[in-house]
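Student: Coordinates in upload37.cif, mmCIF, C-alpha atoms and all ligand atoms, are listed below.
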```cif
data_entry
#
loop_
_atom_site.label_atom_id
_atom_site.label_comp_id
_atom_site.auth_asym_id
_atom_site.auth_seq_id
_atom_site.Cartn_x
_atom_site.Cartn_y
_atom_site.Cartn_z
CA MET A 1260 -48.54 28.71 31.66
CA ALA A 1261 -46.31 25.68 31.46
CA GLU A 1262 -44.96 22.57 33.04
CA VAL A 1263 -41.25 22.74 33.73
CA THR A 1264 -39.17 19.59 33.41
CA ILE A 1265 -35.60 19.53 34.64
CA ASP A 1266 -33.77 16.39 33.55
CA ASN A 1267 -30.44 15.33 35.04
CA LEU A 1268 -29.19 18.88 35.48
CA THR A 1269 -25.53 19.13 36.38
CA LYS A 1270 -23.73 22.46 36.64
CA GLU A 1271 -20.04 22.60 37.40
CA TYR A 1272 -17.94 25.69 38.04
CA GLY A 1273 -14.43 24.32 37.59
CA SER A 1274 -14.06 21.71 40.31
CA ILE A 1275 -17.22 22.85 42.16
CA VAL A 1276 -20.31 20.79 41.41
CA ALA A 1277 -23.14 23.25 42.11
CA THR A 1278 -25.92 20.84 41.05
CA ASN A 1279 -25.35 17.15 40.60
CA ASP A 1280 -27.72 15.31 38.26
CA ILE A 1281 -30.96 16.73 39.58
CA SER A 1282 -34.37 16.07 38.03
CA ILE A 1283 -37.59 17.88 38.95
CA ASP A 1284 -41.01 17.80 37.25
CA ILE A 1285 -43.04 20.91 38.01
CA ASP A 1286 -46.72 20.84 37.12
CA ASP A 1287 -48.56 23.57 35.32
CA GLY A 1288 -49.79 26.03 37.98
CA GLU A 1289 -47.72 24.50 40.77
CA LEU A 1290 -45.70 26.45 43.36
CA VAL A 1291 -42.46 24.61 44.00
CA VAL A 1292 -40.00 25.87 46.62
CA LEU A 1293 -36.30 25.04 46.40
CA VAL A 1294 -35.04 25.10 49.97
CA GLY A 1295 -31.73 24.28 51.60
CA PRO A 1296 -28.70 25.79 53.31
CA SER A 1297 -26.39 28.33 51.70
CA GLY A 1298 -24.41 26.88 48.81
CA CYS A 1299 -26.65 23.83 48.23
CA GLY A 1300 -27.35 24.80 44.59
CA LYS A 1301 -30.79 26.47 44.78
CA THR A 1302 -29.85 29.62 42.90
CA THR A 1303 -27.90 27.70 40.28
CA THR A 1304 -31.01 25.58 39.62
CA LEU A 1305 -33.22 28.67 39.36
CA ARG A 1306 -30.75 30.52 37.12
CA SER A 1307 -30.57 27.45 34.89
CA ILE A 1308 -34.38 27.50 34.52
CA ALA A 1309 -34.10 31.20 33.66
CA GLY A 1310 -31.36 30.62 31.10
CA LEU A 1311 -28.84 32.69 33.06
CA GLU A 1312 -26.61 29.62 33.47
CA THR A 1313 -25.73 27.05 30.82
CA PRO A 1314 -25.94 23.52 32.23
CA THR A 1315 -22.82 21.38 32.04
CA SER A 1316 -25.20 18.53 31.19
CA GLY A 1317 -28.91 17.83 31.32
CA SER A 1318 -31.94 19.56 29.81
CA ILE A 1319 -34.81 21.88 30.67
CA HIS A 1320 -38.22 21.79 28.97
CA PHE A 1321 -41.16 24.20 29.25
CA GLY A 1322 -44.09 22.01 28.21
CA ASP A 1323 -42.85 20.12 25.14
CA THR A 1324 -40.32 22.77 24.21
CA ASP A 1325 -36.65 22.17 24.91
CA VAL A 1326 -35.40 25.54 26.20
CA THR A 1327 -31.95 24.36 27.34
CA ASP A 1328 -30.12 26.41 24.73
CA ARG A 1329 -32.51 29.37 24.62
CA ALA A 1330 -31.49 32.83 25.82
CA PRO A 1331 -33.41 34.17 28.87
CA GLN A 1332 -35.39 36.65 26.75
CA ASP A 1333 -36.63 33.79 24.56
CA ARG A 1334 -37.95 31.71 27.48
CA ASP A 1335 -41.07 33.60 28.59
CA ILE A 1336 -40.01 33.76 32.23
CA SER A 1337 -40.08 36.53 34.82
CA MET A 1338 -37.85 36.72 37.81
CA VAL A 1339 -37.84 38.64 41.10
CA PHE A 1340 -34.56 38.78 42.99
CA GLN A 1341 -33.69 39.97 46.49
CA ASP A 1342 -32.41 43.13 44.82
CA LEU A 1343 -35.68 44.27 43.28
CA ALA A 1344 -33.93 46.41 40.64
CA LEU A 1345 -36.76 48.94 40.38
CA TYR A 1346 -36.19 52.36 38.86
CA PRO A 1347 -36.37 54.58 41.97
CA HIS A 1348 -37.30 57.86 40.30
CA MET A 1349 -40.06 56.41 38.16
CA THR A 1350 -43.55 55.94 39.54
CA ALA A 1351 -44.79 52.50 40.50
CA ALA A 1352 -47.00 52.49 37.37
CA GLU A 1353 -44.05 53.38 35.12
CA ASN A 1354 -42.01 50.57 36.65
CA VAL A 1355 -44.82 48.06 36.16
CA ALA A 1356 -45.37 49.19 32.56
CA PHE A 1357 -41.66 49.04 31.76
CA PRO A 1358 -41.55 45.48 30.34
CA LEU A 1359 -44.55 46.24 28.12
CA HIS A 1360 -42.95 49.44 26.80
CA ALA A 1361 -39.72 47.52 26.26
CA ASP A 1362 -41.68 45.08 24.06
CA GLY A 1363 -42.83 48.20 22.19
CA GLN A 1364 -45.74 46.41 20.56
CA GLN A 1365 -48.76 47.40 22.61
CA PRO A 1366 -50.85 50.56 22.28
CA GLU A 1367 -50.78 52.82 25.34
CA THR A 1368 -54.40 52.03 26.32
CA THR A 1369 -53.64 48.30 26.41
CA VAL A 1370 -50.52 48.95 28.49
CA ARG A 1371 -52.61 50.96 30.98
CA GLU A 1372 -55.25 48.25 31.21
CA SER A 1373 -52.60 45.58 31.81
CA VAL A 1374 -50.93 47.69 34.52
CA GLU A 1375 -54.25 48.28 36.28
CA GLU A 1376 -55.18 44.60 36.11
CA VAL A 1377 -51.90 43.42 37.62
CA ALA A 1378 -51.99 46.26 40.18
CA ARG A 1379 -55.36 44.98 41.38
CA ALA A 1380 -53.99 41.44 41.74
CA THR A 1381 -50.94 42.62 43.69
CA ASN A 1382 -52.64 45.36 45.79
CA CYS A 1383 -50.61 48.15 44.21
CA GLU A 1384 -53.49 50.30 43.04
CA GLU A 1385 -53.28 52.86 45.84
CA PHE A 1386 -49.71 53.86 45.18
CA LEU A 1387 -49.39 53.45 41.43
CA ASP A 1388 -48.71 57.15 40.95
CA LYS A 1389 -46.08 57.44 43.68
CA LYS A 1390 -42.37 57.35 42.94
CA VAL A 1391 -40.60 54.19 44.09
CA VAL A 1392 -38.28 56.24 46.38
CA ASP A 1393 -41.36 57.25 48.35
CA LEU A 1394 -42.65 53.71 48.89
CA SER A 1395 -42.13 51.38 51.87
CA GLY A 1396 -40.24 48.10 51.56
CA GLY A 1397 -43.43 46.07 51.32
CA GLN A 1398 -44.91 48.38 48.69
CA ARG A 1399 -41.74 48.14 46.61
CA GLN A 1400 -41.95 44.37 46.85
CA ARG A 1401 -45.49 44.47 45.44
CA VAL A 1402 -44.39 46.74 42.60
CA ALA A 1403 -41.60 44.30 41.75
CA LEU A 1404 -44.12 41.44 41.74
CA ALA A 1405 -46.51 43.42 39.55
CA ARG A 1406 -43.74 44.28 37.10
CA ALA A 1407 -42.67 40.65 36.91
CA LEU A 1408 -46.25 39.48 36.32
CA VAL A 1409 -47.46 42.11 33.87
CA ARG A 1410 -46.29 40.21 30.79
CA LYS A 1411 -48.08 37.07 32.04
CA PRO A 1412 -44.97 34.89 31.87
CA GLU A 1413 -45.20 31.13 31.43
CA VAL A 1414 -42.91 30.60 34.40
CA PHE A 1415 -42.36 32.88 37.37
CA LEU A 1416 -39.13 32.63 39.35
CA MET A 1417 -38.33 34.21 42.72
CA ASP A 1418 -34.94 34.15 44.48
CA GLU A 1419 -35.08 35.09 48.20
CA PRO A 1420 -37.21 38.19 47.52
CA PHE A 1421 -38.26 38.64 51.15
CA SER A 1422 -34.95 38.35 52.96
CA ASP A 1423 -34.57 42.09 53.66
CA LEU A 1424 -38.06 42.54 55.12
CA ASP A 1425 -39.18 42.46 58.74
CA GLU A 1426 -40.92 39.36 60.06
CA LEU A 1427 -44.50 40.67 59.91
CA LEU A 1428 -44.21 42.01 56.39
CA LYS A 1429 -42.51 38.81 55.29
CA ARG A 1430 -45.47 36.77 56.54
CA GLN A 1431 -48.00 39.05 54.84
CA LEU A 1432 -46.17 38.98 51.52
CA ARG A 1433 -45.67 35.21 51.57
CA ALA A 1434 -49.41 34.77 51.94
CA GLU A 1435 -50.07 37.35 49.27
CA VAL A 1436 -47.70 35.76 46.75
CA VAL A 1437 -49.39 32.40 47.27
CA ARG A 1438 -52.81 34.00 46.74
CA ILE A 1439 -51.67 35.74 43.54
CA GLN A 1440 -50.03 32.55 42.28
CA LYS A 1441 -53.23 30.57 42.88
CA ASP A 1442 -55.52 33.30 41.46
CA LEU A 1443 -53.49 33.58 38.27
CA GLY A 1444 -52.64 29.87 38.08
CA ILE A 1445 -48.97 30.63 37.46
CA THR A 1446 -46.23 28.00 37.46
CA MET A 1447 -43.82 29.29 40.05
CA VAL A 1448 -40.42 28.31 41.43
CA HIS A 1449 -39.37 30.06 44.63
CA VAL A 1450 -35.94 29.85 46.26
CA THR A 1451 -35.35 30.31 49.98
CA HIS A 1452 -32.99 29.10 52.70
CA ASP A 1453 -35.81 29.64 55.23
CA GLN A 1454 -37.53 26.36 55.98
CA GLU A 1455 -40.54 28.06 57.54
CA GLU A 1456 -41.08 30.13 54.40
CA ALA A 1457 -40.80 26.97 52.32
CA MET A 1458 -43.31 25.11 54.50
CA THR A 1459 -45.87 27.92 54.42
CA MET A 1460 -45.65 28.65 50.69
CA GLY A 1461 -44.90 25.51 48.75
CA ASP A 1462 -47.33 23.08 47.15
CA ARG A 1463 -44.20 21.00 47.02
CA LEU A 1464 -40.72 21.38 48.49
CA VAL A 1465 -37.46 20.36 46.91
CA VAL A 1466 -35.06 20.08 49.83
CA MET A 1467 -31.52 20.43 48.51
CA ASN A 1468 -28.19 19.66 50.14
CA ASP A 1469 -24.75 19.74 48.61
CA GLY A 1470 -25.97 20.06 45.02
CA GLU A 1471 -28.38 17.13 45.33
CA ILE A 1472 -32.05 16.61 46.12
CA ALA A 1473 -32.42 15.23 49.64
CA GLN A 1474 -36.23 14.96 49.36
CA MET A 1475 -39.09 16.16 47.20
CA GLY A 1476 -42.62 16.20 48.59
CA ASP A 1477 -45.51 18.20 49.96
CA PRO A 1478 -44.82 20.08 53.22
CA ASP A 1479 -46.67 17.52 55.40
CA THR A 1480 -44.72 14.58 54.01
CA VAL A 1481 -41.39 16.34 54.33
CA PHE A 1482 -42.19 17.30 57.94
CA ASN A 1483 -43.73 14.01 59.07
CA GLU A 1484 -41.69 11.54 57.04
CA PRO A 1485 -38.27 13.04 56.40
CA ALA A 1486 -36.51 10.74 53.96
CA ARG A 1487 -32.99 11.47 55.19
CA LEU A 1488 -31.42 12.58 58.44
CA PHE A 1489 -30.47 15.90 56.81
CA VAL A 1490 -34.14 16.68 56.04
CA ALA A 1491 -35.21 15.81 59.60
CA THR A 1492 -32.68 18.23 61.06
CA PHE A 1493 -33.16 21.01 58.49
CA ILE A 1494 -36.97 21.17 58.44
CA GLY A 1495 -38.94 22.12 61.56
CA SER A 1496 -38.66 24.64 64.35
CA PRO A 1497 -37.50 24.25 67.08
CA GLN A 1498 -35.00 21.86 65.55
CA ILE A 1499 -35.73 18.15 65.90
CA ASN A 1500 -34.05 16.28 68.80
CA ARG A 1501 -31.40 13.91 67.57
CA PHE A 1502 -29.81 10.96 69.38
CA ASP A 1503 -26.83 9.35 67.67
CA CYS A 1504 -27.18 5.78 68.92
CA ARG A 1505 -25.92 2.25 68.48
CA ILE A 1506 -28.09 -0.84 68.57
CA ALA A 1507 -27.77 -2.33 72.08
CA GLY A 1508 -30.49 -5.02 72.02
CA ASP A 1509 -33.61 -6.14 70.11
CA ARG A 1510 -35.47 -3.01 71.13
CA THR A 1511 -32.79 -0.95 72.77
CA LEU A 1512 -30.63 1.88 71.48
CA THR A 1513 -27.91 3.65 73.42
CA ASP A 1514 -26.21 6.96 72.77
CA GLY A 1515 -23.54 6.29 75.36
CA GLU A 1516 -25.52 7.91 78.14
CA LEU A 1517 -29.19 7.05 77.61
CA GLU A 1518 -30.71 3.60 77.18
CA LEU A 1519 -33.69 4.14 74.87
CA GLU A 1520 -36.11 1.22 74.72
CA LEU A 1521 -38.27 1.47 71.62
CA PRO A 1522 -41.91 0.33 71.38
CA ALA A 1523 -42.11 -3.10 69.74
CA ASP A 1524 -43.48 -1.90 66.38
CA ALA A 1525 -40.83 0.85 66.08
CA ALA A 1526 -38.12 -1.67 66.92
CA ASP A 1527 -39.29 -3.95 64.06
CA VAL A 1528 -37.29 -1.89 61.57
CA LEU A 1529 -34.02 -2.42 63.46
CA ASP A 1530 -32.59 -5.26 61.45
CA GLY A 1531 -28.96 -4.31 62.07
CA ALA A 1532 -26.56 -6.07 64.41
CA THR A 1533 -25.62 -4.90 67.88
CA GLY A 1534 -23.27 -1.95 67.68
CA GLU A 1535 -24.60 -0.65 64.36
CA ALA A 1536 -25.23 3.08 64.06
CA VAL A 1537 -28.84 4.30 64.15
CA THR A 1538 -30.09 7.86 64.69
CA LEU A 1539 -33.31 8.38 66.63
CA CYS A 1540 -35.06 11.72 66.15
CA ILE A 1541 -38.18 13.22 67.67
CA ARG A 1542 -39.65 16.69 67.22
CA PRO A 1543 -39.96 18.89 70.34
CA GLN A 1544 -43.72 19.06 69.68
CA HIS A 1545 -43.92 15.27 70.11
CA LEU A 1546 -42.49 15.17 73.64
CA SER A 1547 -44.68 15.68 76.68
CA TRP A 1548 -43.83 16.31 80.32
CA ALA A 1549 -44.46 13.96 83.26
CA ASP A 1550 -43.44 14.54 86.89
CA GLU A 1551 -43.19 10.77 87.54
CA ARG A 1552 -41.78 8.15 85.19
CA PRO A 1553 -44.76 6.77 83.24
CA ALA A 1554 -45.02 2.98 82.96
CA ASP A 1555 -44.36 1.36 79.57
CA SER A 1556 -43.23 4.58 77.90
CA LEU A 1557 -40.03 5.78 76.36
CA ALA A 1558 -39.17 8.61 78.76
CA VAL A 1559 -35.94 10.38 79.71
CA PRO A 1560 -35.24 12.02 83.10
CA VAL A 1561 -34.27 15.68 82.69
CA SER A 1562 -34.23 19.04 84.39
CA VAL A 1563 -35.41 22.28 82.79
CA ASN A 1564 -32.45 24.43 81.78
CA VAL A 1565 -33.88 27.27 79.64
CA ILE A 1566 -37.45 28.43 79.01
CA GLU A 1567 -38.26 30.47 75.89
CA LYS A 1568 -41.69 32.08 75.86
CA ILE A 1569 -43.38 32.07 72.44
CA GLY A 1570 -46.95 32.99 73.39
CA THR A 1571 -49.36 30.21 74.24
CA GLU A 1572 -46.47 27.75 74.45
CA ASP A 1573 -43.00 27.62 75.98
CA ILE A 1574 -39.97 26.04 74.35
CA VAL A 1575 -38.14 24.24 77.15
CA ARG A 1576 -34.49 23.29 76.74
CA CYS A 1577 -33.86 20.43 79.14
CA ARG A 1578 -30.74 18.54 80.21
CA THR A 1579 -30.13 14.97 81.21
CA ALA A 1580 -27.77 14.11 84.07
CA GLY A 1581 -25.04 13.42 81.50
CA GLY A 1582 -25.54 16.80 79.79
CA THR A 1583 -27.56 15.74 76.73
CA GLU A 1584 -29.82 18.62 75.61
CA ILE A 1585 -33.42 17.77 74.72
CA THR A 1586 -35.96 20.38 73.60
CA GLY A 1587 -39.66 20.16 74.28
CA VAL A 1588 -42.72 22.36 73.71
CA VAL A 1589 -45.17 22.69 76.60
CA PRO A 1590 -48.16 24.93 77.43
CA ALA A 1591 -47.05 28.40 78.57
CA GLY A 1592 -46.12 28.51 82.24
CA ALA A 1593 -46.36 24.73 82.70
CA LEU A 1594 -42.73 24.34 83.84
CA SER A 1595 -40.22 26.37 85.77
CA PHE A 1596 -36.45 26.67 85.63
CA GLY A 1597 -34.67 23.77 87.33
CA GLN A 1598 -37.81 21.61 87.53
CA GLU A 1599 -37.10 17.87 87.38
CA GLY A 1600 -39.23 15.29 85.61
CA TYR A 1601 -39.47 13.19 82.45
CA LEU A 1602 -39.75 13.98 78.76
CA VAL A 1603 -42.07 11.32 77.33
CA PHE A 1604 -41.69 10.33 73.65
CA ASP A 1605 -44.85 9.97 71.54
CA PRO A 1606 -44.27 6.43 70.20
CA SER A 1607 -46.00 7.18 66.89
CA GLN A 1608 -43.66 10.07 66.15
CA LEU A 1609 -40.23 8.46 66.29
CA HIS A 1610 -37.95 8.86 63.28
CA LEU A 1611 -35.21 6.30 62.80
CA PHE A 1612 -32.32 6.66 60.35
CA ASP A 1613 -29.78 4.12 59.18
CA GLY A 1614 -26.54 5.68 60.43
CA HIS A 1615 -25.31 9.07 61.64
CA ASP A 1616 -24.41 10.59 58.30
CA GLU A 1617 -26.67 13.40 57.03
CA ASN A 1618 -27.52 11.25 54.01
CA ALA A 1619 -28.64 8.38 56.28
CA PRO A 1620 -31.98 7.09 54.89
CA ARG A 1621 -35.12 6.69 56.94
CA LEU A 1622 -35.72 3.25 58.41
CA ASN A 1623 -39.36 3.46 59.51
P1 LIG B 1 -27.17 30.78 48.67
O1 LIG B 1 -28.39 30.53 49.48
O2 LIG B 1 -25.98 31.15 49.50
O3 LIG B 1 -27.39 31.70 47.51
P2 LIG B 1 -27.44 28.48 46.94
O4 LIG B 1 -28.04 27.29 47.57
O5 LIG B 1 -28.31 29.31 46.09
O6 LIG B 1 -26.73 29.36 48.04
P3 LIG B 1 -25.67 28.41 44.69
O7 LIG B 1 -25.56 29.91 44.64
O8 LIG B 1 -26.45 27.74 43.64
O9 LIG B 1 -26.19 27.94 46.10
O10 LIG B 1 -24.17 27.84 44.71
C1 LIG B 1 -23.88 26.45 44.71
C2 LIG B 1 -22.38 26.28 44.70
O11 LIG B 1 -21.83 26.76 43.49
C3 LIG B 1 -21.67 27.05 45.81
O12 LIG B 1 -20.57 26.29 46.25
C4 LIG B 1 -21.19 28.30 45.11
O13 LIG B 1 -20.06 28.84 45.74
C5 LIG B 1 -20.90 27.79 43.72
N1 LIG B 1 -21.10 28.83 42.69
C6 LIG B 1 -22.26 29.43 42.39
N2 LIG B 1 -22.08 30.31 41.36
C7 LIG B 1 -20.78 30.26 41.03
C8 LIG B 1 -19.98 30.93 40.05
N3 LIG B 1 -20.49 31.82 39.20
N4 LIG B 1 -18.67 30.61 40.00
C9 LIG B 1 -18.13 29.70 40.84
N5 LIG B 1 -18.84 29.02 41.79
C10 LIG B 1 -20.13 29.30 41.89
#
```
Please rewrite the model in this file as structure tokens.

Tutor:
Amino acid sequence: MAEVTIDNLTKEYGSIVATNDISIDIDDGELVVLVGPSGCGKTTTLRSIAGLETPTSGSIHFGDTDVTDRAPQDRDISMVFQDLALYPHMTAAENVAFPLHADGQQPETTVRESVEEVARATNCEEFLDKKVVDLSGGQRQRVALARALVRKPEVFLMDEPFSDLDELLKRQLRAEVVRIQKDLGITMVHVTHDQEEAMTMGDRLVVMNDGEIAQMGDPDTVFNEPARLFVATFIGSPQINRFDCRIAGDRTLTDGELELELPADAADVLDGATGEAVTLCIRPQHLSWADERPADSLAVPVSVNVIEKIGTEDIVRCRTAGGTEITGVVPAGALSFGQEGYLVFDPSQLHLFDGHDENAPRLN
């Protein structure tokens, strides 16, 4: 297994800058997820690691070895794409053994042992002798994983492999991939546009936007301390509440409708002048409901507009008198449509950003 070091990687396609000077250090045995919206440069980064793209500038090392100019077959990587590219009329075992046969150097008994070992790790044993056409989507996914892992690659790359699967299967396979990755200690880079998948799988996330890295960090840090406004709005479900404000006083922000008076310690970071742009964000999970306005709290009067049931909790979409939408999460059945009251902000969970632009840096 290997560390992967990406240094100042830029890839241009004509006038399009797919990745702009990005650097990532991936530890040996680490699972790093590249996550971001469509077109942000995730696949280009992954394909550059694989050797399927030649960087315009920058370098890629596996351990101490510079692999920037090496062909994919000389890099000791395996890759699983959304299109699994299995051979449908071969059995699962024949598919898994294929890379070993292609190497042509191992005796048949060794090939069989390797196939059985990887089949155990990926839970493929039961259907090894079935043809791929006769397997379910989840079983095919496991076969593709087994085939990618059978050569014990130094670096394992996955590009949106779960996007065609139903929600339940997706969850099972995510957990299984993480287990396999940890059991085998593989260095793995996984690409997804799905922030929930990224949060549940990654040791570390690389949140990308517009060809650049918006933030790199473990899932808790990215969720609790988003470094830029883009990260705050991209990570988390339901989406974070966002108030595009201007500084109106020492502790007061206004978004044109609401006057939001910050707690003293949160307001400490507001060193801008009156009128300067600041964005205040708070996650729906960090708002609570009160029927009466609580004293000494940041609270906004609203009425309940939509209730979405998600099990033990309800997502409530509320509206202020001026039409601002604010989303909260409350215990199931706690509120009813049209109910009036206050959404109370947890003062320790406010996120402040210096401006309204998606690149606006965190202030607190
Ligand atoms: P998606 O989730 O949609 O796959 P992504 O984050 O993986 O998106 P990339 O596929 O890396 O993004 O693309 C980044 C940018 O580079 C996009 O603007 C894309 O249109 C462009 N791009 C990617 N490959 C090529 C190519 N072969 N030729 C021209 N432009 C390309």

Student: Show which residues sit within 8 Å of region 1305-1308 of chain A, as a ChimeraX atom specification. Count only C-alpha atoms, and ignore same-chain residues fewer than 6 positions away.

Tutor: /A:1314,1319,1416,1418,1448,1450

Student: Taking all atoms listed in the file into account, list the residues no farther than 9 Å from ligand LIG 1 (chain B), as JSON, numbers by chain.

Tutor: {"A": [1270, 1271, 1272, 1273, 1274, 1275, 1276, 1277, 1278, 1293, 1294, 1295, 1296, 1297, 1298, 1299, 1300, 1301, 1302, 1303, 1304, 1305, 1306, 1312, 1418, 1419, 1450, 1451, 1452, 1467, 1468, 1469, 1470]}

Student: Residues of the last selection are to be written out with C-alpha atoms, as a CSV table (one decimal), in the coordinates of the input.

Tutor:
```csv
chain,number,residue,atom,x,y,z
A,1270,LYS,CA,-23.7,22.5,36.6
A,1271,GLU,CA,-20.0,22.6,37.4
A,1272,TYR,CA,-17.9,25.7,38.0
A,1273,GLY,CA,-14.4,24.3,37.6
A,1274,SER,CA,-14.1,21.7,40.3
A,1275,ILE,CA,-17.2,22.8,42.2
A,1276,VAL,CA,-20.3,20.8,41.4
A,1277,ALA,CA,-23.1,23.2,42.1
A,1278,THR,CA,-25.9,20.8,41.0
A,1293,LEU,CA,-36.3,25.0,46.4
A,1294,VAL,CA,-35.0,25.1,50.0
A,1295,GLY,CA,-31.7,24.3,51.6
A,1296,PRO,CA,-28.7,25.8,53.3
A,1297,SER,CA,-26.4,28.3,51.7
A,1298,GLY,CA,-24.4,26.9,48.8
A,1299,CYS,CA,-26.6,23.8,48.2
A,1300,GLY,CA,-27.4,24.8,44.6
A,1301,LYS,CA,-30.8,26.5,44.8
A,1302,THR,CA,-29.8,29.6,42.9
A,1303,THR,CA,-27.9,27.7,40.3
A,1304,THR,CA,-31.0,25.6,39.6
A,1305,LEU,CA,-33.2,28.7,39.4
A,1306,ARG,CA,-30.8,30.5,37.1
A,1312,GLU,CA,-26.6,29.6,33.5
A,1418,ASP,CA,-34.9,34.2,44.5
A,1419,GLU,CA,-35.1,35.1,48.2
A,1450,VAL,CA,-35.9,29.8,46.3
A,1451,THR,CA,-35.4,30.3,50.0
A,1452,HIS,CA,-33.0,29.1,52.7
A,1467,MET,CA,-31.5,20.4,48.5
A,1468,ASN,CA,-28.2,19.7,50.1
A,1469,ASP,CA,-24.8,19.7,48.6
A,1470,GLY,CA,-26.0,20.1,45.0
```

Student: Which value, in Å to one decimal, gives the distance between CA of Arg1542 (chain A) and CA of Met1460 (chain A)?

Tutor: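 Calculated distance between CA of Arg1542 (chain A) and CA of Met1460 (chain A) is 21.3 Å.
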
Student: Given the point (-39.4, 23.9, 41.0) in the file's coordinates, find the residues that have an atom at most 10 Å from it, counting all atoms listed in the file, and give them as a PDB file with C-alpha atoms, in the frame of the given file.

Tutor:
```pdb
ATOM      1  CA  GLU A1262     -44.960  22.570  33.040  1.00  0.00           C
ATOM      2  CA  VAL A1263     -41.250  22.740  33.730  1.00  0.00           C
ATOM      3  CA  THR A1264     -39.170  19.590  33.410  1.00  0.00           C
ATOM      4  CA  ILE A1265     -35.600  19.530  34.640  1.00  0.00           C
ATOM      5  CA  SER A1282     -34.370  16.070  38.030  1.00  0.00           C
ATOM      6  CA  ILE A1283     -37.590  17.880  38.950  1.00  0.00           C
ATOM      7  CA  ASP A1284     -41.010  17.800  37.250  1.00  0.00           C
ATOM      8  CA  ILE A1285     -43.040  20.910  38.010  1.00  0.00           C
ATOM      9  CA  ASP A1286     -46.720  20.840  37.120  1.00  0.00           C
ATOM     10  CA  GLU A1289     -47.720  24.500  40.770  1.00  0.00           C
ATOM     11  CA  LEU A1290     -45.700  26.450  43.360  1.00  0.00           C
ATOM     12  CA  VAL A1291     -42.460  24.610  44.000  1.00  0.00           C
ATOM     13  CA  VAL A1292     -40.000  25.870  46.620  1.00  0.00           C
ATOM     14  CA  LEU A1293     -36.300  25.040  46.400  1.00  0.00           C
ATOM     15  CA  LYS A1301     -30.790  26.470  44.780  1.00  0.00           C
ATOM     16  CA  THR A1304     -31.010  25.580  39.620  1.00  0.00           C
ATOM     17  CA  LEU A1305     -33.220  28.670  39.360  1.00  0.00           C
ATOM     18  CA  ILE A1308     -34.380  27.500  34.520  1.00  0.00           C
ATOM     19  CA  LEU A1416     -39.130  32.630  39.350  1.00  0.00           C
ATOM     20  CA  THR A1446     -46.230  28.000  37.460  1.00  0.00           C
ATOM     21  CA  MET A1447     -43.820  29.290  40.050  1.00  0.00           C
ATOM     22  CA  VAL A1448     -40.420  28.310  41.430  1.00  0.00           C
ATOM     23  CA  HIS A1449     -39.370  30.060  44.630  1.00  0.00           C
ATOM     24  CA  VAL A1450     -35.940  29.850  46.260  1.00  0.00           C
ATOM     25  CA  GLY A1461     -44.900  25.510  48.750  1.00  0.00           C
ATOM     26  CA  ARG A1463     -44.200  21.000  47.020  1.00  0.00           C
ATOM     27  CA  LEU A1464     -40.720  21.380  48.490  1.00  0.00           C
ATOM     28  CA  VAL A1465     -37.460  20.360  46.910  1.00  0.00           C
ATOM     29  CA  MET A1475     -39.090  16.160  47.200  1.00  0.00           C
TER      30      MET A1475
END
```

Student: Within 12 Å of (-25.0, 8.1, 73.1) (file coordinates; only C-alpha atoms), which protein or nucleic acid residues are there? I'd like them as a list of chain:residue names.

Tutor: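 Residues close enough to count: A:Arg1501, A:Phe1502, A:Asp1503, A:Cys1504, A:Arg1505, A:Ile1506, A:Ala1507, A:Thr1511, A:Leu1512, A:Thr1513, A:Asp1514, A:Gly1515, A:Glu1516, A:Leu1517, A:Glu1518, A:Leu1519, A:Gly1534, A:Ala1536, A:Val1537, A:Thr1538, A:Leu1539, A:Thr1579, A:Gly1581, A:Gly1582, A:Thr1583, A:Glu1584, A:His1615.
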
Student: When you look at Ala1356 (chain A) with a cut-off of 8 Å (counting only C-alpha atoms), what residues show up, excluding the ones that are within fewer than 6 positions of it in the same chain? I need them as an mmCIF file with C-alpha atoms, keeping the file's coordinate frame.

Tutor:
```cif
data_model
loop_
_atom_site.group_PDB
_atom_site.id
_atom_site.type_symbol
_atom_site.label_atom_id
_atom_site.label_comp_id
_atom_site.auth_asym_id
_atom_site.auth_seq_id
_atom_site.Cartn_x
_atom_site.Cartn_y
_atom_site.Cartn_z
ATOM 1 C CA VAL A 1370 -50.520 48.950 28.490
ATOM 2 C CA ARG A 1371 -52.610 50.960 30.980
ATOM 3 C CA VAL A 1374 -50.930 47.690 34.520
ATOM 4 C CA ARG A 1406 -43.740 44.280 37.100
ATOM 5 C CA VAL A 1409 -47.460 42.110 33.870
#
```

Student: Here is a test: counting all atoms listed in the file, which residue of A:Glu1471, A:Thr1459, A:Gly1288, A:Thr1324 is nearest to Ile1445 (chain A)?

Tutor: A:Gly1288

Student: Please identify all polymer residues within 7 Å of Ala1619 (chain A), counting only C-alpha atoms, omitting same-chain residues fewer than 4 positions from it, and present them as a VMD selection string.

Tutor: chain A and resid 1487 to 1488 1612 to 1615

Student: Please determine, counting all atoms listed in the file, which residue among A:Asp1266, A:Glu1617, A:Asp1328, A:Asp1524 has the shortest atom-to-atom distance to Ala1473 (chain A).

Tutor: A:Glu1617

Student: Give me, please, the distance in Å between CA of Gln1544 (chain A) and CA of Gly1495 (chain A), quoted to one decimal.

Tutor: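 Interatomic distance, CA of Gln1544 (chain A) to CA of Gly1495 (chain A): 9.9 Å.
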
Student: May I ask for the distance between CA of Gln1364 (chain A) and CA of Leu1345 (chain A), given in Å to one decimal place?

Tutor: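 Interatomic distance here is 21.9 Å.
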
Student: Calculate, to one decimal in Å, the centre and edge lengths of the box along x, y and z of the file that holds all listed atoms of region 1480-1486 of chain A with 8 Å of margin on each side, and present them as JSON.

Tutor:
```
{"center_x": -40.6, "center_y": 14.0, "center_z": 56.5, "size_x": 24.2, "size_y": 22.6, "size_z": 21.1}
```
